[in-house]
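Okay, my_file-v3.csv now, which holds CSV, N, CA and C atoms:
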```csv
chain,number,residue,atom,x,y,z
A,1,MET,N,18.9,3.4,-0.4
A,1,MET,CA,18.3,2.4,0.5
A,1,MET,C,18.4,1.0,-0.2
A,2,SER,N,18.8,0.1,0.6
A,2,SER,CA,18.9,-1.3,0.2
A,2,SER,C,17.5,-2.0,0.1
A,3,ASN,N,17.2,-2.6,-0.9
A,3,ASN,CA,16.0,-3.4,-1.0
A,3,ASN,C,16.2,-4.8,-0.5
A,4,ASP,N,17.4,-5.2,0.0
A,4,ASP,CA,17.7,-6.5,0.5
A,4,ASP,C,17.2,-6.7,1.9
A,5,ASN,N,17.1,-5.6,2.6
A,5,ASN,CA,16.7,-5.7,4.1
A,5,ASN,C,15.4,-5.1,4.3
A,6,ILE,N,14.3,-5.8,4.1
A,6,ILE,CA,13.0,-5.3,4.2
A,6,ILE,C,12.7,-4.7,5.6
A,7,GLY,N,13.2,-5.3,6.6
A,7,GLY,CA,12.9,-4.8,8.0
A,7,GLY,C,13.5,-3.4,8.2
A,8,ALA,N,14.6,-3.0,7.6
A,8,ALA,CA,15.2,-1.7,7.8
A,8,ALA,C,14.7,-0.7,6.9
A,9,ALA,N,14.0,-1.1,5.8
A,9,ALA,CA,13.5,-0.1,4.8
A,9,ALA,C,12.2,0.5,5.1
A,10,LYS,N,11.9,1.6,4.6
A,10,LYS,CA,10.6,2.2,4.6
A,10,LYS,C,9.7,1.5,3.7
A,11,SER,N,8.4,1.4,4.0
A,11,SER,CA,7.5,0.7,3.2
A,11,SER,C,6.3,1.6,2.8
A,12,ILE,N,5.7,1.3,1.7
A,12,ILE,CA,4.6,2.1,1.2
A,12,ILE,C,3.5,1.1,0.8
A,13,LEU,N,2.3,1.4,1.1
A,13,LEU,CA,1.1,0.5,0.8
A,13,LEU,C,0.3,1.3,-0.3
A,14,ILE,N,0.1,0.7,-1.4
A,14,ILE,CA,-0.6,1.4,-2.5
A,14,ILE,C,-1.8,0.5,-2.9
A,15,THR,N,-3.0,1.0,-2.9
A,15,THR,CA,-4.2,0.3,-3.3
A,15,THR,C,-4.4,0.5,-4.8
A,16,GLY,N,-5.2,-0.3,-5.4
A,16,GLY,CA,-5.5,-0.1,-6.8
A,16,GLY,C,-4.4,-0.6,-7.8
A,17,CYS,N,-3.7,-1.6,-7.4
A,17,CYS,CA,-2.6,-2.1,-8.2
A,17,CYS,C,-2.9,-3.4,-9.0
A,18,SER,N,-4.2,-3.8,-9.0
A,18,SER,CA,-4.5,-5.1,-9.6
A,18,SER,C,-4.6,-5.1,-11.1
A,19,ARG,N,-4.7,-3.9,-11.7
A,19,ARG,CA,-4.7,-3.8,-13.1
A,19,ARG,C,-3.9,-2.7,-13.6
A,20,ASP,N,-3.6,-2.7,-14.9
A,20,ASP,CA,-2.8,-1.6,-15.4
A,20,ASP,C,-3.5,-0.3,-15.1
A,21,GLY,N,-2.8,0.6,-14.5
A,21,GLY,CA,-3.4,1.9,-14.1
A,21,GLY,C,-2.5,2.7,-13.2
A,22,LEU,N,-3.1,3.7,-12.6
A,22,LEU,CA,-2.3,4.6,-11.8
A,22,LEU,C,-1.6,3.9,-10.6
A,23,GLY,N,-2.3,3.1,-9.9
A,23,GLY,CA,-1.7,2.4,-8.7
A,23,GLY,C,-0.6,1.5,-9.1
A,24,TYR,N,-0.8,0.8,-10.2
A,24,TYR,CA,0.3,-0.1,-10.8
A,24,TYR,C,1.5,0.7,-11.1
A,25,GLU,N,1.3,1.8,-11.8
A,25,GLU,CA,2.5,2.6,-12.2
A,25,GLU,C,3.1,3.3,-11.0
A,26,LEU,N,2.3,3.7,-10.1
A,26,LEU,CA,2.9,4.3,-8.8
A,26,LEU,C,3.8,3.2,-8.1
A,27,ALA,N,3.3,2.0,-8.0
A,27,ALA,CA,4.1,0.9,-7.4
A,27,ALA,C,5.4,0.7,-8.1
A,28,LYS,N,5.4,0.7,-9.4
A,28,LYS,CA,6.6,0.5,-10.1
A,28,LYS,C,7.6,1.7,-9.9
A,29,SER,N,7.1,2.9,-9.9
A,29,SER,CA,7.9,4.1,-9.7
A,29,SER,C,8.5,4.1,-8.3
A,30,MET,N,7.6,3.8,-7.3
A,30,MET,CA,8.1,3.9,-5.9
A,30,MET,C,9.2,2.8,-5.7
A,31,PHE,N,9.0,1.6,-6.3
A,31,PHE,CA,10.0,0.6,-6.1
A,31,PHE,C,11.3,1.1,-6.7
A,32,ALA,N,11.3,1.7,-7.9
A,32,ALA,CA,12.5,2.1,-8.6
A,32,ALA,C,13.2,3.2,-7.8
A,33,ALA,N,12.4,4.0,-7.0
A,33,ALA,CA,12.9,5.0,-6.1
A,33,ALA,C,13.5,4.5,-4.8
A,34,GLY,N,13.4,3.2,-4.6
A,34,GLY,CA,13.9,2.6,-3.3
A,34,GLY,C,12.9,2.3,-2.3
A,35,TRP,N,11.6,2.4,-2.6
A,35,TRP,CA,10.6,2.0,-1.6
A,35,TRP,C,10.3,0.6,-1.8
A,36,ILE,N,9.7,-0.1,-0.8
A,36,ILE,CA,9.3,-1.4,-0.9
A,36,ILE,C,7.8,-1.4,-0.8
A,37,ALA,N,7.1,-1.8,-1.9
A,37,ALA,CA,5.7,-1.6,-2.1
A,37,ALA,C,5.0,-2.9,-1.8
A,38,ARG,N,3.8,-2.8,-1.2
A,38,ARG,CA,2.9,-4.0,-1.0
A,38,ARG,C,1.8,-3.8,-2.0
A,39,ASP,N,1.6,-4.8,-2.8
A,39,ASP,CA,0.6,-4.7,-3.9
A,39,ASP,C,0.1,-6.1,-4.3
A,40,MET,N,-0.6,-6.1,-5.4
A,40,MET,CA,-1.2,-7.3,-5.9
A,40,MET,C,-0.4,-8.1,-6.9
A,41,THR,N,-0.9,-9.2,-7.3
A,41,THR,CA,-0.2,-10.2,-8.1
A,41,THR,C,0.5,-9.7,-9.3
A,42,LYS,N,0.0,-8.8,-10.1
A,42,LYS,CA,0.7,-8.4,-11.3
A,42,LYS,C,2.1,-7.8,-11.1
A,43,LEU,N,2.3,-7.3,-9.8
A,43,LEU,CA,3.7,-6.8,-9.5
A,43,LEU,C,4.6,-7.8,-9.0
A,44,GLU,N,4.2,-9.0,-8.8
A,44,GLU,CA,5.1,-10.1,-8.2
A,44,GLU,C,6.3,-10.3,-9.0
A,45,GLY,N,6.2,-10.3,-10.3
A,45,GLY,CA,7.4,-10.6,-11.1
A,45,GLY,C,8.3,-9.4,-11.4
A,46,LEU,N,8.0,-8.2,-10.9
A,46,LEU,CA,8.8,-7.0,-11.2
A,46,LEU,C,10.1,-7.0,-10.5
A,47,ALA,N,10.1,-7.4,-9.2
A,47,ALA,CA,11.4,-7.3,-8.4
A,47,ALA,C,11.2,-8.1,-7.2
A,48,PRO,N,12.2,-8.6,-6.6
A,48,PRO,CA,12.1,-9.4,-5.4
A,48,PRO,C,11.6,-8.7,-4.1
A,49,GLY,N,11.8,-7.3,-4.1
A,49,GLY,CA,11.4,-6.5,-2.9
A,49,GLY,C,9.9,-6.1,-2.9
A,50,ILE,N,9.2,-6.4,-4.0
A,50,ILE,CA,7.8,-6.1,-4.1
A,50,ILE,C,7.0,-7.3,-3.6
A,51,LEU,N,6.2,-7.1,-2.6
A,51,LEU,CA,5.4,-8.1,-2.0
A,51,LEU,C,3.9,-7.7,-2.2
A,52,ARG,N,3.0,-8.7,-2.0
A,52,ARG,CA,1.6,-8.3,-2.2
A,52,ARG,C,0.8,-8.6,-1.0
A,53,VAL,N,-0.2,-7.8,-0.9
A,53,VAL,CA,-1.2,-7.9,0.2
A,53,VAL,C,-2.6,-7.9,-0.5
A,54,GLU,N,-3.3,-9.0,-0.4
A,54,GLU,CA,-4.6,-9.0,-1.1
A,54,GLU,C,-5.6,-8.2,-0.2
A,55,LEU,N,-6.4,-7.4,-0.9
A,55,LEU,CA,-7.2,-6.4,-0.2
A,55,LEU,C,-8.5,-6.2,-1.1
A,56,ASP,N,-9.6,-6.3,-0.4
A,56,ASP,CA,-10.9,-5.9,-1.0
A,56,ASP,C,-11.5,-4.7,-0.2
A,57,LEU,N,-11.4,-3.5,-0.7
A,57,LEU,CA,-11.7,-2.3,0.1
A,57,LEU,C,-13.2,-2.2,0.4
A,58,ILE,N,-14.1,-3.1,-0.1
A,58,ILE,CA,-15.5,-3.1,0.2
A,58,ILE,C,-15.8,-4.1,1.3
A,59,ASP,N,-14.8,-4.8,1.8
A,59,ASP,CA,-15.0,-5.8,2.8
A,59,ASP,C,-14.1,-5.4,4.0
A,60,ALA,N,-14.8,-5.0,5.1
A,60,ALA,CA,-14.1,-4.6,6.3
A,60,ALA,C,-13.1,-5.6,6.9
A,61,ALA,N,-13.5,-6.9,6.9
A,61,ALA,CA,-12.6,-7.9,7.4
A,61,ALA,C,-11.4,-8.0,6.5
A,62,SER,N,-11.5,-7.9,5.2
A,62,SER,CA,-10.4,-7.9,4.3
A,62,SER,C,-9.4,-6.7,4.6
A,63,VAL,N,-10.0,-5.6,4.8
A,63,VAL,CA,-9.2,-4.4,5.1
A,63,VAL,C,-8.4,-4.6,6.4
A,64,ARG,N,-9.0,-5.1,7.4
A,64,ARG,CA,-8.3,-5.4,8.7
A,64,ARG,C,-7.2,-6.4,8.5
A,65,ARG,N,-7.5,-7.5,7.8
A,65,ARG,CA,-6.4,-8.5,7.5
A,65,ARG,C,-5.3,-7.9,6.7
A,66,ALA,N,-5.6,-7.1,5.7
A,66,ALA,CA,-4.6,-6.4,4.9
A,66,ALA,C,-3.7,-5.5,5.7
A,67,ALA,N,-4.3,-4.7,6.5
A,67,ALA,CA,-3.5,-3.8,7.4
A,67,ALA,C,-2.6,-4.6,8.3
A,68,GLU,N,-3.1,-5.6,8.9
A,68,GLU,CA,-2.3,-6.5,9.8
A,68,GLU,C,-1.1,-7.1,9.0
A,69,LYS,N,-1.4,-7.6,7.8
A,69,LYS,CA,-0.4,-8.3,7.0
A,69,LYS,C,0.7,-7.2,6.6
A,70,ALA,N,0.2,-6.1,6.2
A,70,ALA,CA,1.2,-5.0,5.7
A,70,ALA,C,2.1,-4.6,6.9
A,71,LEU,N,1.5,-4.5,8.1
A,71,LEU,CA,2.3,-4.1,9.2
A,71,LEU,C,3.3,-5.2,9.6
A,72,ALA,N,2.9,-6.5,9.5
A,72,ALA,CA,3.8,-7.6,9.8
A,72,ALA,C,4.9,-7.7,8.8
A,73,LEU,N,4.6,-7.5,7.5
A,73,LEU,CA,5.6,-7.6,6.4
A,73,LEU,C,6.6,-6.5,6.5
A,74,SER,N,6.2,-5.3,7.0
A,74,SER,CA,7.0,-4.2,7.0
A,74,SER,C,7.6,-4.0,8.4
A,75,HIS,N,7.4,-4.9,9.3
A,75,HIS,CA,7.9,-4.8,10.7
A,75,HIS,C,7.4,-3.5,11.3
A,76,GLY,N,6.1,-3.1,11.0
A,76,GLY,CA,5.5,-1.9,11.5
A,76,GLY,C,6.0,-0.6,10.9
A,77,ARG,N,6.7,-0.7,9.8
A,77,ARG,CA,7.3,0.5,9.2
A,77,ARG,C,6.6,1.0,7.9
A,78,VAL,N,5.3,1.0,8.0
A,78,VAL,CA,4.6,1.6,6.8
A,78,VAL,C,4.7,3.1,7.0
A,79,ALA,N,5.3,3.8,6.0
A,79,ALA,CA,5.5,5.2,6.1
A,79,ALA,C,4.6,6.0,5.2
A,80,LYS,N,4.0,5.4,4.2
A,80,LYS,CA,3.1,6.1,3.2
A,80,LYS,C,2.0,5.1,2.9
A,81,LEU,N,0.8,5.7,2.7
A,81,LEU,CA,-0.4,5.0,2.3
A,81,LEU,C,-1.0,5.8,1.2
A,82,ILE,N,-1.0,5.2,0.0
A,82,ILE,CA,-1.6,5.8,-1.2
A,82,ILE,C,-2.9,5.0,-1.6
A,83,LEU,N,-4.0,5.6,-1.5
A,83,LEU,CA,-5.3,5.0,-1.8
A,83,LEU,C,-5.7,5.4,-3.2
A,84,SER,N,-5.5,4.5,-4.2
A,84,SER,CA,-5.6,4.8,-5.6
A,84,SER,C,-6.6,3.8,-6.2
A,85,SER,N,-7.7,3.6,-5.5
A,85,SER,CA,-8.7,2.6,-6.1
A,85,SER,C,-9.7,3.4,-6.9
A,86,CYS,N,-10.4,2.7,-7.8
A,86,CYS,CA,-11.4,3.4,-8.7
A,86,CYS,C,-12.5,4.0,-7.9
A,87,ALA,N,-13.2,5.0,-8.5
A,87,ALA,CA,-14.2,5.8,-7.8
A,87,ALA,C,-15.4,4.9,-7.4
A,88,ASP,N,-15.6,3.7,-8.0
A,88,ASP,CA,-16.7,2.9,-7.6
A,88,ASP,C,-16.5,2.2,-6.3
A,89,VAL,N,-15.3,2.3,-5.7
A,89,VAL,CA,-15.0,1.8,-4.4
A,89,VAL,C,-15.5,2.8,-3.4
A,90,ILE,N,-16.4,2.4,-2.5
A,90,ILE,CA,-17.0,3.4,-1.5
A,90,ILE,C,-15.9,3.9,-0.6
A,91,MET,N,-16.1,5.0,0.1
A,91,MET,CA,-15.1,5.6,1.0
A,91,MET,C,-14.9,4.8,2.2
A,92,GLU,N,-15.8,4.0,2.6
A,92,GLU,CA,-15.6,3.2,3.9
A,92,GLU,C,-14.4,2.4,4.0
A,93,GLY,N,-14.0,1.7,2.9
A,93,GLY,CA,-12.8,0.9,2.9
A,93,GLY,C,-11.6,1.6,3.0
A,94,PRO,N,-11.4,2.7,2.2
A,94,PRO,CA,-10.2,3.5,2.4
A,94,PRO,C,-10.1,4.1,3.7
A,95,LEU,N,-11.2,4.6,4.3
A,95,LEU,CA,-11.1,5.1,5.6
A,95,LEU,C,-10.8,4.1,6.7
A,96,LEU,N,-11.3,2.9,6.6
A,96,LEU,CA,-11.0,1.8,7.5
A,96,LEU,C,-9.5,1.5,7.4
A,97,LEU,N,-9.0,1.4,6.2
A,97,LEU,CA,-7.5,1.1,6.0
A,97,LEU,C,-6.7,2.3,6.6
A,98,THR,N,-7.1,3.5,6.4
A,98,THR,CA,-6.4,4.6,7.0
A,98,THR,C,-6.4,4.6,8.6
A,99,GLN,N,-7.6,4.2,9.1
A,99,GLN,CA,-7.7,4.1,10.6
A,99,GLN,C,-6.8,3.0,11.1
A,100,ALA,N,-6.7,1.9,10.4
A,100,ALA,CA,-5.9,0.8,10.8
A,100,ALA,C,-4.4,1.1,10.8
A,101,LEU,N,-4.0,2.0,9.9
A,101,LEU,CA,-2.6,2.3,9.7
A,101,LEU,C,-2.1,3.6,10.2
A,102,ILE,N,-3.1,4.4,10.8
A,102,ILE,CA,-2.7,5.8,11.2
A,102,ILE,C,-1.7,5.8,12.3
A,103,ARG,N,-1.7,5.0,13.3
A,103,ARG,CA,-0.8,5.0,14.4
A,103,ARG,C,0.7,4.8,13.8
A,104,PRO,N,0.9,3.7,13.0
A,104,PRO,CA,2.3,3.5,12.5
A,104,PRO,C,2.7,4.7,11.6
A,105,LEU,N,1.8,5.3,10.9
A,105,LEU,CA,2.1,6.4,10.0
A,105,LEU,C,2.5,7.6,10.9
A,106,VAL,N,1.8,7.9,11.9
A,106,VAL,CA,2.1,9.0,12.8
A,106,VAL,C,3.4,8.7,13.6
A,107,ASP,N,3.6,7.5,14.0
A,107,ASP,CA,4.8,7.1,14.7
A,107,ASP,C,6.0,7.2,13.8
A,108,HIS,N,5.9,7.0,12.6
A,108,HIS,CA,7.0,7.1,11.6
A,108,HIS,C,7.6,8.5,11.6
A,109,GLY,N,6.8,9.5,11.9
A,109,GLY,CA,7.3,10.9,12.0
A,109,GLY,C,7.0,11.7,10.8
A,110,ASP,N,7.1,11.1,9.6
A,110,ASP,CA,6.8,11.8,8.4
A,110,ASP,C,5.9,11.0,7.5
A,111,GLY,N,5.0,10.2,8.1
A,111,GLY,CA,4.1,9.4,7.4
A,111,GLY,C,3.1,10.2,6.7
A,112,GLN,N,2.6,9.7,5.6
A,112,GLN,CA,1.6,10.4,4.8
A,112,GLN,C,0.5,9.5,4.3
A,113,VAL,N,-0.7,10.1,4.2
A,113,VAL,CA,-1.8,9.4,3.6
A,113,VAL,C,-2.2,10.2,2.4
A,114,ILE,N,-2.3,9.5,1.2
A,114,ILE,CA,-2.7,10.2,0.0
A,114,ILE,C,-3.9,9.5,-0.6
A,115,PHE,N,-5.0,10.3,-0.8
A,115,PHE,CA,-6.2,9.8,-1.5
A,115,PHE,C,-6.2,10.3,-2.9
A,116,ILE,N,-6.3,9.4,-3.8
A,116,ILE,CA,-6.4,9.8,-5.3
A,116,ILE,C,-7.8,9.4,-5.7
A,117,GLY,N,-8.6,10.5,-6.1
A,117,GLY,CA,-9.9,10.3,-6.5
A,117,GLY,C,-10.1,10.5,-8.0
A,118,SER,N,-10.5,9.5,-8.7
A,118,SER,CA,-10.7,9.6,-10.1
A,118,SER,C,-11.5,8.5,-10.6
A,119,SER,N,-12.3,8.7,-11.6
A,119,SER,CA,-13.1,7.6,-12.2
A,119,SER,C,-12.2,6.6,-12.9
A,120,SER,N,-10.9,7.0,-13.1
A,120,SER,CA,-10.0,6.1,-13.8
A,120,SER,C,-8.7,5.9,-13.0
A,121,ALA,N,-8.8,6.0,-11.7
A,121,ALA,CA,-7.6,5.8,-10.8
A,121,ALA,C,-7.1,4.5,-11.0
```

Would you put the structure from the file into structure tokens?
Amino acid sequence: MSNDNIGAAKSILITGCSRDGLGYELAKSMFAAGWIARDMTKLEGLAPGILRVELDLIDAASVRRAAEKALALSHGRVAKLILSSCADVIMEGPLLLTQALIRPLVDHGDGQVIFIGSSSA
């Protein structure tokens, strides 16, 4: 898959990428496998195909804005959603994000939602 044409590529949204940890490593691995990841600032310098969407999972308005931006950046082609935020983030935010992206995930045909629960995610 070419990373040069973001509109034709499948996209994945991974939360919990703002610090070194599982989300950050997942984003790097997914990009290396040909996915175009949407994540936070630390990943900006890794490759030109990695874009960021600022997201605060405890703020419903931030969740809505992030979902809208992710869909706009991916031309509605979000195929995977990996929720890898720390355990101190309440479930409401991840559920709101899942609700906002469920239709494109279903429409994709093989869309997936993956929740990773850990005190050190």

One decimal, Å: what's the distance from atom C of Ser62 of chain A over to atom C of Ala32 of chain A, could you say?
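So the two atoms, atom C of Ser62 of chain A and atom C of Ala32 of chain A, lie 27.6 Å apart.
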
Near Gly93 of chain A, within 7 Å and counting only N, CA and C atoms, which residues show up once chain neighbours fewer than 4 positions away are dropped, as a ChimeraX atom specification?
/A:56-60,63,89,97-98

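Across A:Leu95, A:Leu13, A:Leu101, A:Ile114, the tightest approach to Glu68 of chain A is made by A:Leu101 when counting all atoms listed in the file.
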
For a quick check of understanding, using only C-alpha atoms, which of A:Lys80, A:Arg64, A:His75, A:Lys69 has the smallest distance to Val106 of chain A?
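Among the listed residues, the smallest separation from Val106 of chain A belongs to A:Lys80.
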
Might you pull out every residue within 7 Å of segment 76-78 of chain A, with only C-alpha atoms counted and same-chain residues fewer than 4 positions away left off, and present them as a compact mmCIF listing (two decimals) with N, CA and C atoms, in the coordinates of the input?
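The result, written out as around_19.txt:
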```txt
# COMPACT_ATOMS: atom_id res chain seq x y z
N LYS A 10 11.90 1.60 4.60
CA LYS A 10 10.60 2.20 4.60
C LYS A 10 9.70 1.50 3.70
N SER A 11 8.40 1.40 4.00
CA SER A 11 7.50 0.70 3.20
C SER A 11 6.30 1.60 2.80
N ILE A 12 5.70 1.30 1.70
CA ILE A 12 4.60 2.10 1.20
C ILE A 12 3.50 1.10 0.80
N LEU A 71 1.50 -4.50 8.10
CA LEU A 71 2.30 -4.10 9.20
C LEU A 71 3.30 -5.20 9.60
N ALA A 72 2.90 -6.50 9.50
CA ALA A 72 3.80 -7.60 9.80
C ALA A 72 4.90 -7.70 8.80
N PRO A 104 0.90 3.70 13.00
CA PRO A 104 2.30 3.50 12.50
C PRO A 104 2.70 4.70 11.60
N LEU A 105 1.80 5.30 10.90
CA LEU A 105 2.10 6.40 10.00
C LEU A 105 2.50 7.60 10.90
```

I'd like to know which residues of segment 58-114 of chain A are strand (DSSP E) (by DSSP, run on the backbone); could you write them as a ChimeraX atom specification?
/A:78-83,112-114

Would you write out those residues with N, CA and C atoms, as an mmCIF file, in the frame of the given file?
```cif
data_model
loop_
_atom_site.group_PDB
_atom_site.id
_atom_site.type_symbol
_atom_site.label_atom_id
_atom_site.label_comp_id
_atom_site.auth_asym_id
_atom_site.auth_seq_id
_atom_site.Cartn_x
_atom_site.Cartn_y
_atom_site.Cartn_z
ATOM 1 N N VAL A 78 5.300 1.000 8.000
ATOM 2 C CA VAL A 78 4.600 1.600 6.800
ATOM 3 C C VAL A 78 4.700 3.100 7.000
ATOM 4 N N ALA A 79 5.300 3.800 6.000
ATOM 5 C CA ALA A 79 5.500 5.200 6.100
ATOM 6 C C ALA A 79 4.600 6.000 5.200
ATOM 7 N N LYS A 80 4.000 5.400 4.200
ATOM 8 C CA LYS A 80 3.100 6.100 3.200
ATOM 9 C C LYS A 80 2.000 5.100 2.900
ATOM 10 N N LEU A 81 0.800 5.700 2.700
ATOM 11 C CA LEU A 81 -0.400 5.000 2.300
ATOM 12 C C LEU A 81 -1.000 5.800 1.200
ATOM 13 N N ILE A 82 -1.000 5.200 0.000
ATOM 14 C CA ILE A 82 -1.600 5.800 -1.200
ATOM 15 C C ILE A 82 -2.900 5.000 -1.600
ATOM 16 N N LEU A 83 -4.000 5.600 -1.500
ATOM 17 C CA LEU A 83 -5.300 5.000 -1.800
ATOM 18 C C LEU A 83 -5.700 5.400 -3.200
ATOM 19 N N GLN A 112 2.600 9.700 5.600
ATOM 20 C CA GLN A 112 1.600 10.400 4.800
ATOM 21 C C GLN A 112 0.500 9.500 4.300
ATOM 22 N N VAL A 113 -0.700 10.100 4.200
ATOM 23 C CA VAL A 113 -1.800 9.400 3.600
ATOM 24 C C VAL A 113 -2.200 10.200 2.400
ATOM 25 N N ILE A 114 -2.300 9.500 1.200
ATOM 26 C CA ILE A 114 -2.700 10.200 0.000
ATOM 27 C C ILE A 114 -3.900 9.500 -0.600
#
```
